[in-house]
Amino acid sequence: MASMTETARGVVLRSFNEPLSIEEAEIPNAGPGAVVVKVTHGGICGTDVHLHHGNLPIPIPVILGHEGIGVIQQLGEGVTTDFAGTLIKEGDAVAWMSSIPCGHCYWCVIEHERTLCESRKVYGINQSFDVWPKLSGSWADAIYLQPGSTIFKLPDGVTPEQAIALGCAGPTAVHGVLDIVKVNVGDTVVVQGSGPVGLAAAMYAHFSGAAKVIVVGGPASRLALAKEIGVGDVHFDIFDGSTVEERLKLILAETPNGRGADVVLECTGVPKAVPEGFEMARKNGRYLVLGQYTDRGEVPINPHIITKKQLSVYGSWTFGEPHYQKYINTLPKLSERFQLERLVTPYPLADANRAMTDMASGNVMKPVLIAN
Ligand SMILES: [Zn+2]
Ligand SMILES: [Zn+2]
């Protein structure tokens, strides 16, 4: 149990584009409804690089980290189960929702789209290090999960490395691929992008019974890893020197009778991937824009193609509690089939700056800070 004198280190973003600092804060005792978790693994995702560069409006200073796995250190009064109703106790390995929706607004109550809530608290993003309980990000020795937080006990046999390997990309893909665009048995699916979101989307396309999953991405090292762990049936390297037209021809040749993919999943975050992806979809096909989490600007789109092809174009924004639960439920099968732990590159918590540099370079798939 935490005592009032115990402290935790946290990786703090104080100034955009400056090195992150390691700072300490007291670990509070868990109040009613709250949970103190000893963080073991803090995932780094592309969003963190954007946060570091000041591309999103966030309060600083902030302890970064919206992906985490840890061990329950102290349960506050009234907290007895996880989201699925499973009893939890101190010492259990858990994950948690990075966000707490307000539960009162139009989006939360009327639309039941809690991901669209405009007053969400998000750990590692909008919870200031200057404000109690301070420990509100996963790149730390401990995190204070406020009342209203959602916790998920890890399934037996799933390691923390496996659970953190896809990070927020896992539940993001559950939401977009399974709930929004709905990949069907026998579909031919193109996945644009081979980062964590692309790989997670491809994994769930496989699980949905896709006849063929075509991964279009890069750099070559990421595609090689995807191939090695069995993600995707066909792979195209966008950096291999071929033109967009040449690539499109080859991709279409991989679809039934060359008519295009039933579903195209955009997981790149690069605006120009969208018009290119429209060309890969068949008539009456479905296109999901899943990767554009930061505003990277505009791109010319010919809307005629949407009408002419009768395309259905979808968007999907982050994920809610049920998506995260589905992700947790699929972790044993994901781990068994795709060697998830191979996506992870571990770093000591104190090496957060090096991990961020490696993430920005695209040389590693999923850098993970190891705290305890
Ligand atoms: Zn993320
Ligand atoms: Zn709300």
# chains A, B, ... in the order shown; residues from 1 in each chain; ligands from 1
>>> residues_around(residues="Pro303 in chain A", least_positions_apart="2", cutoff="12 Å", atoms="only C-alpha atoms", output="list in words")
Val274, Pro275, Phe278, Glu279, Val299, Pro300, Ile301, Ile305, Ile306, Thr307, Lys308, Lys309, Gln310, Leu311, Ser312 and Val313 of chain A
>>> write_last_selection(atoms="all heavy atoms", output="short mmCIF file (atom, residue, chain, number, x, y, z; two decimals), in the first residue's frame")
data_model
loop_
_atom_site.label_atom_id
_atom_site.label_comp_id
_atom_site.auth_asym_id
_atom_site.auth_seq_id
_atom_site.Cartn_x
_atom_site.Cartn_y
_atom_site.Cartn_z
N VAL A 274 -5.22 9.16 -49.13
CA VAL A 274 -6.67 8.99 -49.27
C VAL A 274 -7.10 8.95 -50.75
O VAL A 274 -7.75 7.98 -51.17
CB VAL A 274 -7.44 10.05 -48.46
CG1 VAL A 274 -8.93 9.96 -48.72
CG2 VAL A 274 -7.14 9.88 -46.96
N PRO A 275 -6.74 9.97 -51.57
CA PRO A 275 -7.13 9.86 -52.99
C PRO A 275 -6.51 8.63 -53.67
O PRO A 275 -7.14 8.01 -54.52
CB PRO A 275 -6.63 11.17 -53.61
CG PRO A 275 -5.70 11.77 -52.61
CD PRO A 275 -6.10 11.26 -51.27
N PHE A 278 -8.68 5.65 -52.74
CA PHE A 278 -9.97 5.59 -53.44
C PHE A 278 -9.84 4.76 -54.72
O PHE A 278 -10.76 4.05 -55.12
CB PHE A 278 -10.46 6.99 -53.81
CG PHE A 278 -11.05 7.78 -52.66
CD1 PHE A 278 -11.41 9.12 -52.86
CD2 PHE A 278 -11.26 7.21 -51.42
CE1 PHE A 278 -11.97 9.86 -51.83
CE2 PHE A 278 -11.81 7.95 -50.38
CZ PHE A 278 -12.16 9.28 -50.58
N GLU A 279 -8.66 4.90 -55.36
CA GLU A 279 -8.44 4.20 -56.64
C GLU A 279 -8.31 2.69 -56.44
O GLU A 279 -8.44 1.92 -57.38
CB GLU A 279 -7.15 4.72 -57.31
CG GLU A 279 -7.14 6.21 -57.59
CD GLU A 279 -8.09 6.60 -58.72
OE1 GLU A 279 -8.52 5.71 -59.48
OE2 GLU A 279 -8.40 7.82 -58.83
N VAL A 299 -5.66 17.92 -49.11
CA VAL A 299 -5.20 17.19 -50.29
C VAL A 299 -6.32 17.25 -51.32
O VAL A 299 -7.50 17.22 -50.95
CB VAL A 299 -4.85 15.73 -49.90
CG1 VAL A 299 -6.08 14.95 -49.50
CG2 VAL A 299 -4.08 15.03 -50.98
N PRO A 300 -5.99 17.41 -52.61
CA PRO A 300 -7.07 17.44 -53.61
C PRO A 300 -7.72 16.07 -53.75
O PRO A 300 -7.02 15.06 -53.82
CB PRO A 300 -6.34 17.82 -54.91
CG PRO A 300 -4.96 18.23 -54.51
CD PRO A 300 -4.66 17.58 -53.21
N ILE A 301 -9.04 16.08 -53.73
CA ILE A 301 -9.79 14.84 -53.93
C ILE A 301 -10.80 15.09 -55.04
O ILE A 301 -11.44 16.14 -55.07
CB ILE A 301 -10.51 14.44 -52.62
CG1 ILE A 301 -9.52 13.77 -51.66
CG2 ILE A 301 -11.70 13.52 -52.89
CD1 ILE A 301 -10.08 13.47 -50.31
N ILE A 305 -15.22 10.47 -58.15
CA ILE A 305 -14.92 9.04 -57.99
C ILE A 305 -15.82 8.40 -56.93
O ILE A 305 -16.19 7.24 -57.03
CB ILE A 305 -13.41 8.83 -57.67
CG1 ILE A 305 -13.05 7.35 -57.82
CG2 ILE A 305 -13.07 9.30 -56.29
CD1 ILE A 305 -11.56 7.09 -57.67
N ILE A 306 -16.20 9.21 -55.92
CA ILE A 306 -17.05 8.66 -54.85
C ILE A 306 -18.44 8.36 -55.40
O ILE A 306 -19.02 7.31 -55.13
CB ILE A 306 -17.12 9.65 -53.66
CG1 ILE A 306 -15.71 9.89 -53.10
CG2 ILE A 306 -18.06 9.12 -52.57
CD1 ILE A 306 -15.64 10.96 -52.03
N THR A 307 -18.96 9.29 -56.21
CA THR A 307 -20.27 9.08 -56.82
C THR A 307 -20.22 7.95 -57.85
O THR A 307 -21.01 7.01 -57.81
CB THR A 307 -20.76 10.36 -57.52
OG1 THR A 307 -20.70 11.43 -56.57
CG2 THR A 307 -22.17 10.22 -58.04
N LYS A 308 -19.24 8.06 -58.74
CA LYS A 308 -19.16 7.12 -59.85
C LYS A 308 -18.98 5.68 -59.37
O LYS A 308 -19.57 4.75 -59.90
CB LYS A 308 -18.00 7.53 -60.76
CG LYS A 308 -17.88 6.73 -62.03
CD LYS A 308 -16.65 7.21 -62.82
CE LYS A 308 -16.27 6.21 -63.89
NZ LYS A 308 -14.92 6.48 -64.38
N LYS A 309 -18.12 5.53 -58.36
CA LYS A 309 -17.88 4.18 -57.84
C LYS A 309 -18.92 3.78 -56.79
O LYS A 309 -18.91 2.66 -56.32
CB LYS A 309 -16.49 4.12 -57.18
CG LYS A 309 -15.33 3.91 -58.12
CD LYS A 309 -14.09 3.55 -57.30
CE LYS A 309 -12.97 3.09 -58.19
NZ LYS A 309 -11.77 2.74 -57.41
N GLN A 310 -19.75 4.72 -56.41
CA GLN A 310 -20.72 4.48 -55.34
C GLN A 310 -19.99 4.03 -54.07
O GLN A 310 -20.34 3.05 -53.42
CB GLN A 310 -21.74 3.43 -55.78
CG GLN A 310 -23.01 3.44 -54.96
CD GLN A 310 -24.11 2.59 -55.61
OE1 GLN A 310 -24.62 2.94 -56.67
NE2 GLN A 310 -24.46 1.50 -54.97
N LEU A 311 -18.90 4.75 -53.77
CA LEU A 311 -18.07 4.40 -52.61
C LEU A 311 -18.74 4.80 -51.31
O LEU A 311 -19.36 5.87 -51.22
CB LEU A 311 -16.75 5.19 -52.67
CG LEU A 311 -15.52 4.62 -53.36
CD1 LEU A 311 -14.33 5.53 -53.04
CD2 LEU A 311 -15.24 3.20 -52.91
N SER A 312 -18.61 3.98 -50.30
CA SER A 312 -18.99 4.38 -48.95
C SER A 312 -17.70 4.77 -48.21
O SER A 312 -16.79 3.96 -48.11
CB SER A 312 -19.66 3.23 -48.20
OG SER A 312 -20.84 2.87 -48.85
N VAL A 313 -17.66 6.01 -47.75
CA VAL A 313 -16.46 6.51 -47.07
C VAL A 313 -16.77 6.72 -45.59
O VAL A 313 -17.73 7.41 -45.24
CB VAL A 313 -15.97 7.83 -47.71
CG1 VAL A 313 -14.72 8.35 -46.99
CG2 VAL A 313 -15.69 7.64 -49.19
#
>>> residues_near_ligand(ligand="ligand 1", cutoff="8 Å", atoms="only C-alpha atoms and all ligand atoms", output="list of chain:residue names")
A:Ile44, A:Cys45, A:Gly46, A:Thr47, A:Asp48, A:His66, A:Glu67, A:Gly167, A:Cys168, A:Ala169
>>> residues_around(residues="Gly10 in chain A", least_positions_apart="5", cutoff="6 Å", atoms="only C-alpha atoms", output="list in words")
Ile22, Glu23, Trp139 and Ala140 of chain A
>>> residues_around(residues="Glu298 in chain A", least_positions_apart="5", cutoff="12 Å", atoms="only C-alpha atoms", output="VMD selection string")
chain A and resid 269 to 275 292
>>> write_last_selection(atoms="C-alpha atoms", output="PDB file, in the first residue's frame")
ATOM      1  CA  GLY A 269      -1.848   9.535 -41.304  1.00  0.00           C
ATOM      2  CA  VAL A 270      -0.686  10.921 -44.647  1.00  0.00           C
ATOM      3  CA  PRO A 271      -3.392  12.957 -46.435  1.00  0.00           C
ATOM      4  CA  LYS A 272      -2.343  12.020 -49.979  1.00  0.00           C
ATOM      5  CA  ALA A 273      -2.920   8.350 -49.169  1.00  0.00           C
ATOM      6  CA  VAL A 274      -6.671   8.995 -49.273  1.00  0.00           C
ATOM      7  CA  PRO A 275      -7.133   9.858 -52.990  1.00  0.00           C
ATOM      8  CA  GLN A 292      -5.650  10.857 -39.823  1.00  0.00           C
TER       9      GLN A 292
END
>>> select_by_dssp(residues="range 171-274 of chain A", states="helix (DSSP H, G or I)", output="ChimeraX atom specification")
/A:171-181,196-207,220-228,244-253,256-258,273-274
>>> write_last_selection(atoms="N, CA and C atoms", output="compact mmCIF listing (two decimals), in the first residue's frame")
# COMPACT_ATOMS: atom_id res chain seq x y z
N PRO A 171 -7.23 -1.23 -29.91
CA PRO A 171 -8.65 -0.87 -29.80
C PRO A 171 -9.12 0.10 -30.89
N THR A 172 -8.20 0.93 -31.40
CA THR A 172 -8.55 1.82 -32.51
C THR A 172 -8.99 1.01 -33.73
N ALA A 173 -8.27 -0.08 -33.99
CA ALA A 173 -8.61 -0.95 -35.13
C ALA A 173 -9.90 -1.72 -34.86
N VAL A 174 -10.12 -2.13 -33.62
CA VAL A 174 -11.38 -2.81 -33.29
C VAL A 174 -12.56 -1.91 -33.64
N HIS A 175 -12.47 -0.65 -33.22
CA HIS A 175 -13.55 0.31 -33.47
C HIS A 175 -13.77 0.49 -34.98
N GLY A 176 -12.69 0.81 -35.67
CA GLY A 176 -12.81 1.16 -37.09
C GLY A 176 -13.11 -0.04 -37.98
N VAL A 177 -12.36 -1.11 -37.79
CA VAL A 177 -12.44 -2.25 -38.71
C VAL A 177 -13.63 -3.15 -38.40
N LEU A 178 -13.87 -3.41 -37.12
CA LEU A 178 -14.95 -4.34 -36.76
C LEU A 178 -16.29 -3.64 -36.59
N ASP A 179 -16.29 -2.46 -35.97
CA ASP A 179 -17.57 -1.81 -35.66
C ASP A 179 -18.05 -0.85 -36.75
N ILE A 180 -17.13 -0.13 -37.37
CA ILE A 180 -17.56 0.91 -38.32
C ILE A 180 -17.64 0.36 -39.75
N VAL A 181 -16.53 -0.11 -40.29
CA VAL A 181 -16.55 -0.50 -41.71
C VAL A 181 -16.96 -1.96 -41.88
N PRO A 196 1.77 0.60 -36.36
CA PRO A 196 0.91 -0.17 -35.46
C PRO A 196 -0.57 -0.16 -35.86
N VAL A 197 -1.11 0.98 -36.31
CA VAL A 197 -2.53 0.99 -36.70
C VAL A 197 -2.76 0.10 -37.92
N GLY A 198 -1.85 0.19 -38.90
CA GLY A 198 -1.98 -0.65 -40.09
C GLY A 198 -1.89 -2.13 -39.74
N LEU A 199 -0.93 -2.49 -38.91
CA LEU A 199 -0.78 -3.90 -38.54
C LEU A 199 -1.99 -4.39 -37.77
N ALA A 200 -2.47 -3.56 -36.83
CA ALA A 200 -3.64 -3.96 -36.05
C ALA A 200 -4.86 -4.12 -36.96
N ALA A 201 -5.03 -3.18 -37.90
CA ALA A 201 -6.17 -3.26 -38.83
C ALA A 201 -6.07 -4.53 -39.67
N ALA A 202 -4.85 -4.84 -40.12
CA ALA A 202 -4.65 -6.05 -40.93
C ALA A 202 -4.94 -7.31 -40.11
N MET A 203 -4.52 -7.30 -38.84
CA MET A 203 -4.78 -8.46 -37.97
C MET A 203 -6.28 -8.71 -37.83
N TYR A 204 -7.04 -7.62 -37.59
CA TYR A 204 -8.49 -7.80 -37.42
C TYR A 204 -9.17 -8.11 -38.75
N ALA A 205 -8.59 -7.70 -39.86
CA ALA A 205 -9.12 -8.10 -41.17
C ALA A 205 -8.94 -9.61 -41.34
N HIS A 206 -7.77 -10.12 -40.96
CA HIS A 206 -7.54 -11.57 -40.99
C HIS A 206 -8.58 -12.28 -40.11
N PHE A 207 -8.73 -11.77 -38.89
CA PHE A 207 -9.67 -12.39 -37.94
C PHE A 207 -11.11 -12.36 -38.46
N ALA A 220 10.86 -0.64 -45.53
CA ALA A 220 10.99 -2.07 -45.79
C ALA A 220 11.09 -2.90 -44.50
N SER A 221 11.75 -2.32 -43.48
CA SER A 221 11.93 -3.07 -42.23
C SER A 221 10.58 -3.37 -41.57
N ARG A 222 9.65 -2.41 -41.65
CA ARG A 222 8.32 -2.64 -41.07
C ARG A 222 7.56 -3.71 -41.84
N LEU A 223 7.67 -3.67 -43.17
CA LEU A 223 6.99 -4.67 -43.99
C LEU A 223 7.57 -6.05 -43.74
N ALA A 224 8.90 -6.10 -43.57
CA ALA A 224 9.56 -7.39 -43.32
C ALA A 224 9.05 -7.98 -42.01
N LEU A 225 8.93 -7.13 -41.00
CA LEU A 225 8.43 -7.61 -39.71
C LEU A 225 6.98 -8.10 -39.85
N ALA A 226 6.17 -7.34 -40.57
CA ALA A 226 4.78 -7.75 -40.80
C ALA A 226 4.73 -9.13 -41.43
N LYS A 227 5.54 -9.33 -42.45
CA LYS A 227 5.59 -10.63 -43.15
C LYS A 227 5.99 -11.73 -42.19
N GLU A 228 7.04 -11.45 -41.41
CA GLU A 228 7.58 -12.49 -40.51
C GLU A 228 6.56 -12.96 -39.48
N VAL A 244 3.08 6.01 -58.33
CA VAL A 244 1.74 5.71 -57.79
C VAL A 244 0.96 4.88 -58.80
N GLU A 245 1.07 5.22 -60.08
CA GLU A 245 0.32 4.51 -61.13
C GLU A 245 0.78 3.06 -61.24
N GLU A 246 2.11 2.89 -61.23
CA GLU A 246 2.65 1.53 -61.33
C GLU A 246 2.18 0.67 -60.15
N ARG A 247 2.23 1.31 -58.97
CA ARG A 247 1.84 0.58 -57.76
C ARG A 247 0.35 0.20 -57.81
N LEU A 248 -0.46 1.14 -58.25
CA LEU A 248 -1.90 0.90 -58.30
C LEU A 248 -2.23 -0.28 -59.21
N LYS A 249 -1.54 -0.34 -60.34
CA LYS A 249 -1.76 -1.44 -61.29
C LYS A 249 -1.47 -2.78 -60.62
N LEU A 250 -0.35 -2.84 -59.91
CA LEU A 250 0.05 -4.09 -59.25
C LEU A 250 -0.93 -4.47 -58.14
N ILE A 251 -1.40 -3.46 -57.41
CA ILE A 251 -2.33 -3.74 -56.31
C ILE A 251 -3.65 -4.25 -56.87
N LEU A 252 -4.16 -3.57 -57.90
CA LEU A 252 -5.44 -4.00 -58.49
C LEU A 252 -5.34 -5.42 -59.05
N ALA A 253 -4.16 -5.77 -59.55
CA ALA A 253 -3.96 -7.12 -60.09
C ALA A 253 -4.10 -8.18 -59.01
N PRO A 256 -9.82 -9.53 -56.95
CA PRO A 256 -10.58 -10.43 -57.83
C PRO A 256 -10.89 -9.78 -59.18
N ASN A 257 -10.43 -10.38 -60.23
CA ASN A 257 -10.63 -9.89 -61.60
C ASN A 257 -10.17 -8.45 -61.78
N GLY A 258 -9.28 -8.00 -60.92
CA GLY A 258 -8.71 -6.66 -61.04
C GLY A 258 -9.70 -5.54 -60.77
N ALA A 273 -2.58 9.77 -49.07
CA ALA A 273 -2.92 8.35 -49.17
C ALA A 273 -4.40 8.16 -49.49
N VAL A 274 -5.22 9.16 -49.13
CA VAL A 274 -6.67 8.99 -49.27
C VAL A 274 -7.10 8.95 -50.75
>>> residues_near_ligand(ligand="ligand 2", cutoff="6 Å", atoms="only C-alpha atoms and all ligand atoms", output="NGL selection string")
:A and (101-105 or 107-108 or 117-119)
>>> atom_distance(atom1="CA of Leu369 in chain A", atom2="CA of Pro28 in chain A")
22.2 Å
>>> atom_distance(atom1="CA of Gly31 in chain A", atom2="CA of Gly65 in chain A")
22.2 Å
>>> closest_residue(among="A:Ile72, A:Val35, A:Val213, A:Ala371", to="Pro133 in chain A", atoms="only C-alpha atoms")
A:Val35
>>> closest_residue(among="A:Glu336, A:Glu113, A:Asp187, A:Asp240", to="Gly260 in chain A", atoms="only C-alpha atoms")
A:Asp187
>>> atom_distance(atom1="CA of Gly232 in chain A", atom2="CA of Gly42 in chain A")
27.0 Å
>>> select_by_dssp(residues="range 162-342 of chain A", states="strand (DSSP E)", output="number ranges by chain")
A: 188-192, 212-217, 234-237, 261-266, 281-289, 312-315
>>> residues_around(residues="Ser98 in chain A", least_positions_apart="2", cutoff="10 Å", atoms="only C-alpha atoms", output="CSV table (one decimal) with C-alpha atoms, in the first residue's frame")
chain,number,residue,atom,x,y,z
A,65,GLY,CA,1.9,8.3,-21.9
A,66,HIS,CA,-1.7,7.3,-22.9
A,67,GLU,CA,-0.8,3.6,-23.3
A,68,GLY,CA,0.1,1.6,-20.3
A,95,ALA,CA,-4.6,-2.0,-18.6
A,96,TRP,CA,-6.8,1.1,-18.5
A,100,ILE,CA,-12.7,9.4,-19.2
A,120,ARG,CA,-12.9,13.9,-22.1
A,121,LYS,CA,-10.1,13.7,-19.6
A,122,VAL,CA,-7.2,12.0,-21.3
A,123,TYR,CA,-4.2,10.6,-19.4
A,124,GLY,CA,-0.9,11.5,-20.8
A,125,ILE,CA,-2.4,14.3,-22.9
A,136,SER,CA,-1.6,11.2,-14.8
A,137,GLY,CA,0.5,9.7,-17.6
A,138,SER,CA,1.8,6.2,-18.1
A,145,LEU,CA,-6.5,6.5,-12.0
A,149,SER,CA,-11.5,5.4,-15.0
A,150,THR,CA,-12.1,2.1,-16.8
A,151,ILE,CA,-9.8,-0.8,-15.9
A,168,CYS,CA,-3.8,2.3,-28.7
A,319,PHE,CA,-12.2,4.0,-29.3
A,320,GLY,CA,-14.6,3.5,-26.4
A,321,GLU,CA,-14.6,1.1,-23.5
>>> residues_around(residues="Tyr314 in chain A", least_positions_apart="3", cutoff="7 Å", atoms="only C-alpha atoms", output="PyMOL selection string")
chain A and resi 181+287-289
>>> residues_around(residues="Leu87 in chain A", least_positions_apart="4", cutoff="12 Å", atoms="only C-alpha atoms", output="NGL selection string")
:A and (75 or 78-83 or 92 or 94 or 151-154)
>>> write_last_selection(atoms="N, CA and C atoms", output="PDB file, in the first residue's frame")
ATOM      1  N   LEU A  75      -6.351  -0.190  -4.382  1.00  0.00           N
ATOM      2  CA  LEU A  75      -7.714   0.031  -4.862  1.00  0.00           C
ATOM      3  C   LEU A  75      -8.415   0.986  -3.910  1.00  0.00           C
ATOM      4  N   GLY A  78     -14.664   1.113  -2.900  1.00  0.00           N
ATOM      5  CA  GLY A  78     -15.728   0.948  -3.877  1.00  0.00           C
ATOM      6  C   GLY A  78     -15.300   0.335  -5.192  1.00  0.00           C
ATOM      7  N   VAL A  79     -13.989   0.217  -5.420  1.00  0.00           N
ATOM      8  CA  VAL A  79     -13.539  -0.379  -6.684  1.00  0.00           C
ATOM      9  C   VAL A  79     -13.267  -1.861  -6.448  1.00  0.00           C
ATOM     10  N   THR A  80     -14.063  -2.705  -7.086  1.00  0.00           N
ATOM     11  CA  THR A  80     -13.917  -4.154  -6.861  1.00  0.00           C
ATOM     12  C   THR A  80     -13.777  -4.949  -8.148  1.00  0.00           C
ATOM     13  N   THR A  81     -14.248  -4.376  -9.258  1.00  0.00           N
ATOM     14  CA  THR A  81     -14.214  -5.134 -10.516  1.00  0.00           C
ATOM     15  C   THR A  81     -13.656  -4.291 -11.655  1.00  0.00           C
ATOM     16  N   ASP A  82     -13.282  -4.996 -12.731  1.00  0.00           N
ATOM     17  CA  ASP A  82     -12.865  -4.288 -13.932  1.00  0.00           C
ATOM     18  C   ASP A  82     -14.089  -4.039 -14.813  1.00  0.00           C
ATOM     19  N   PHE A  83     -13.866  -3.560 -16.042  1.00  0.00           N
ATOM     20  CA  PHE A  83     -14.977  -3.191 -16.932  1.00  0.00           C
ATOM     21  C   PHE A  83     -15.888  -4.378 -17.224  1.00  0.00           C
ATOM     22  N   ASP A  92      -2.831  -7.446  -9.358  1.00  0.00           N
ATOM     23  CA  ASP A  92      -3.303  -7.869 -10.675  1.00  0.00           C
ATOM     24  C   ASP A  92      -2.686  -7.001 -11.771  1.00  0.00           C
ATOM     25  N   VAL A  94      -3.022  -5.054 -15.124  1.00  0.00           N
ATOM     26  CA  VAL A  94      -4.173  -4.398 -15.761  1.00  0.00           C
ATOM     27  C   VAL A  94      -3.747  -3.410 -16.850  1.00  0.00           C
ATOM     28  N   ILE A 151     -10.909   0.078 -16.076  1.00  0.00           N
ATOM     29  CA  ILE A 151      -9.766  -0.815 -15.924  1.00  0.00           C
ATOM     30  C   ILE A 151     -10.087  -2.157 -16.559  1.00  0.00           C
ATOM     31  N   PHE A 152      -9.074  -2.791 -17.132  1.00  0.00           N
ATOM     32  CA  PHE A 152      -9.235  -4.109 -17.749  1.00  0.00           C
ATOM     33  C   PHE A 152      -8.163  -5.038 -17.198  1.00  0.00           C
ATOM     34  N   LYS A 153      -8.600  -6.133 -16.584  1.00  0.00           N
ATOM     35  CA  LYS A 153      -7.644  -7.133 -16.099  1.00  0.00           C
ATOM     36  C   LYS A 153      -7.119  -7.889 -17.311  1.00  0.00           C
ATOM     37  N   LEU A 154      -5.801  -8.113 -17.353  1.00  0.00           N
ATOM     38  CA  LEU A 154      -5.236  -8.859 -18.479  1.00  0.00           C
ATOM     39  C   LEU A 154      -5.663 -10.322 -18.385  1.00  0.00           C
TER      40      LEU A 154
END
>>> closest_residue(among="A:Thr318, A:Val190, A:His304, A:Thr40", to="Tyr347 in chain A", atoms="only C-alpha atoms")
A:Thr40
>>> closest_residue(among="A:Val263, A:Ile370, A:Leu166, A:Val344", to="Leu331 in chain A", atoms="only C-alpha atoms")
A:Leu166
